[in-house]
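Engineer: Can you keep this structure in mind? I'll have questions shortly.
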Amino acid sequence: MKRKGSAVWTGDLKSGAGTMSVGSGFVKNAPYVFAARFESAVGTNPEELIATAHAGCFSMAFSGELGKAGFTAESIETTTIVTLDFVDGKPTVTESFLKMTAKVPGITPDKFQEVAEAAKIGCPISRLLNAKITLDAKLA
């Protein structure tokens with residue numbers, strides 16, 4: 001039995017039905033608040049919680065890696081789809097798909113991909129998951 005959950009993270013407050021996960025960070029040296037909305041809007045289940053955590057954590061890691069490289073994002077949007085399967089009777093995340101689009105003035109496409117890969121590796125949630133993590137990162 002496989003189940004999938006997804007969450008969308010953006011750099012500005014995103015509202016909608018369902019459960020919200022709220023955090024904060026910096027874009028363009030200004031504080032912001034984000035909220036990840038569970039797309040199913042049917043309550044809280046493990047794959048949605050993990051998708052939300054991974055989307056937010058990856059986006060924060062990406063912002064941090066950009067800062068190290070001397071760049072600042074104007075906007076970041078990450079959608080995460082998590083596949084939860086039952087392995088030996090235990091719920092286990094087997095895959096996480098990160099789809100991120102960011103507007104980063106002055107960055108080259110190659111440097112952008114390098115920073116995105118570093119964020120994927122450095123993201124604490126990525127390191128916690130024993131899962132296949134796929135990243136699709138694009139410049140806006």
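So you can find residues: chains in the structure tokens are A, B, ... in the order shown, residues in each start at 1, and ligands are numbered from 1 in order.
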Show which residues sit within 12 Å of Glu114 in chain A, as a PyMOL selection string. Count only C-alpha atoms, and ignore same-chain residues fewer than 3 positions away.

Structural biologist: chain A and resi 62+65-66+69+107-111+117-121+135+137-138

Engineer: Excluding Ser59 in chain A and its own-chain neighbours fewer than 3 positions away, which residues fall within 9 Å of it when counting only C-alpha atoms? Please give them as a list in words.

Structural biologist: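 In the requested format, the answer is Trp9, Thr10, Gly11, His54, Ala55, Gly56, Phe62, Ser63, Gly64, Ile76, Glu77, Thr78, Met100, Ala119 and Cys123 of chain A.
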
Engineer: Quick one: write out the picked residues with N, CA and C atoms as a short mmCIF file (atom, residue, chain, number, x, y, z; two decimals), in the first residue's frame?

Structural biologist:
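Result saved to selection-v2.cif:
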```cif
data_model
loop_
_atom_site.label_atom_id
_atom_site.label_comp_id
_atom_site.auth_asym_id
_atom_site.auth_seq_id
_atom_site.Cartn_x
_atom_site.Cartn_y
_atom_site.Cartn_z
N TRP A 9 5.27 25.15 -0.66
CA TRP A 9 5.90 26.17 0.18
C TRP A 9 6.18 27.37 -0.69
N THR A 10 5.84 28.57 -0.23
CA THR A 10 6.20 29.78 -0.96
C THR A 10 6.75 30.79 0.03
N GLY A 11 7.44 31.79 -0.51
CA GLY A 11 8.06 32.81 0.33
C GLY A 11 7.08 33.82 0.89
N HIS A 54 9.72 18.80 4.56
CA HIS A 54 10.79 18.73 3.56
C HIS A 54 10.78 19.95 2.65
N ALA A 55 9.59 20.40 2.25
CA ALA A 55 9.50 21.58 1.38
C ALA A 55 10.06 22.81 2.08
N GLY A 56 9.64 23.03 3.31
CA GLY A 56 10.12 24.20 4.05
C GLY A 56 11.59 24.12 4.37
N PHE A 62 18.17 26.08 0.79
CA PHE A 62 18.50 26.73 -0.47
C PHE A 62 18.83 28.21 -0.23
N SER A 63 18.03 28.87 0.58
CA SER A 63 18.29 30.28 0.91
C SER A 63 19.67 30.43 1.56
N GLY A 64 20.00 29.51 2.46
CA GLY A 64 21.29 29.55 3.14
C GLY A 64 22.45 29.33 2.18
N ILE A 76 10.98 32.05 -3.86
CA ILE A 76 11.24 30.61 -3.91
C ILE A 76 9.89 29.92 -3.75
N GLU A 77 9.63 28.94 -4.59
CA GLU A 77 8.45 28.11 -4.41
C GLU A 77 8.87 26.65 -4.55
N THR A 78 8.57 25.86 -3.56
CA THR A 78 8.92 24.44 -3.57
C THR A 78 7.67 23.61 -3.37
N MET A 100 11.32 22.83 -7.35
CA MET A 100 11.56 24.18 -6.86
C MET A 100 11.78 25.14 -8.02
N ALA A 119 21.93 22.40 -1.48
CA ALA A 119 20.80 22.53 -0.54
C ALA A 119 20.13 21.18 -0.33
N CYS A 123 20.16 19.83 3.40
CA CYS A 123 18.87 19.95 4.08
C CYS A 123 18.75 18.89 5.17
#
```

Engineer: With only C-alpha atoms as the atoms that count, which of A:Glu95, A:Asp88, A:Glu74, A:Glu47 lies nearest to Asn130 in chain A?

Structural biologist: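 Checking each of A:Glu95, A:Asp88, A:Glu74, A:Glu47 against Asn130 in chain A, counting only C-alpha atoms, the winner is A:Glu95.
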
Engineer: Looking only at the backbone, which of the residues in range 85-136 of chain A does DSSP tag as alpha helix (DSSP H), as a PyMOL selection string?

Structural biologist: chain A and resi 109-122+124-128

Engineer: Could you tell me how far CA of Phe58 in chain A lies from CA of Asp85 in chain A, in Å and to one decimal?

Structural biologist: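 According to the coordinates, CA of Phe58 in chain A and CA of Asp85 in chain A are separated by 21.9 Å.
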
Engineer: Using CA of Leu129 in chain A and CA of Phe71 in chain A as the two end points, give the distance in Å to one decimal.

Structural biologist: 27.9 Å

Engineer: Choose the residue, out of A:Val93, A:Met60, A:Ala102, A:Leu84, that has the smallest atom-to-atom separation from Leu128 in chain A; count only C-alpha atoms.

Structural biologist: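 Of A:Val93, A:Met60, A:Ala102, A:Leu84, the one nearest Leu128 in chain A is A:Val93, counting only C-alpha atoms.
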
Engineer: With distances taken over only C-alpha atoms, which residue among A:Leu139, A:Phe86, A:Val104, A:Leu98 lies nearest Ile125 in chain A?

Structural biologist: A:Leu98

Engineer: May I ask for the distance between CA of Gly106 in chain A and CA of Ala53 in chain A, given in Å to one decimal place?

Structural biologist: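 Rounded to one decimal, the two atoms are 28.9 Å apart.
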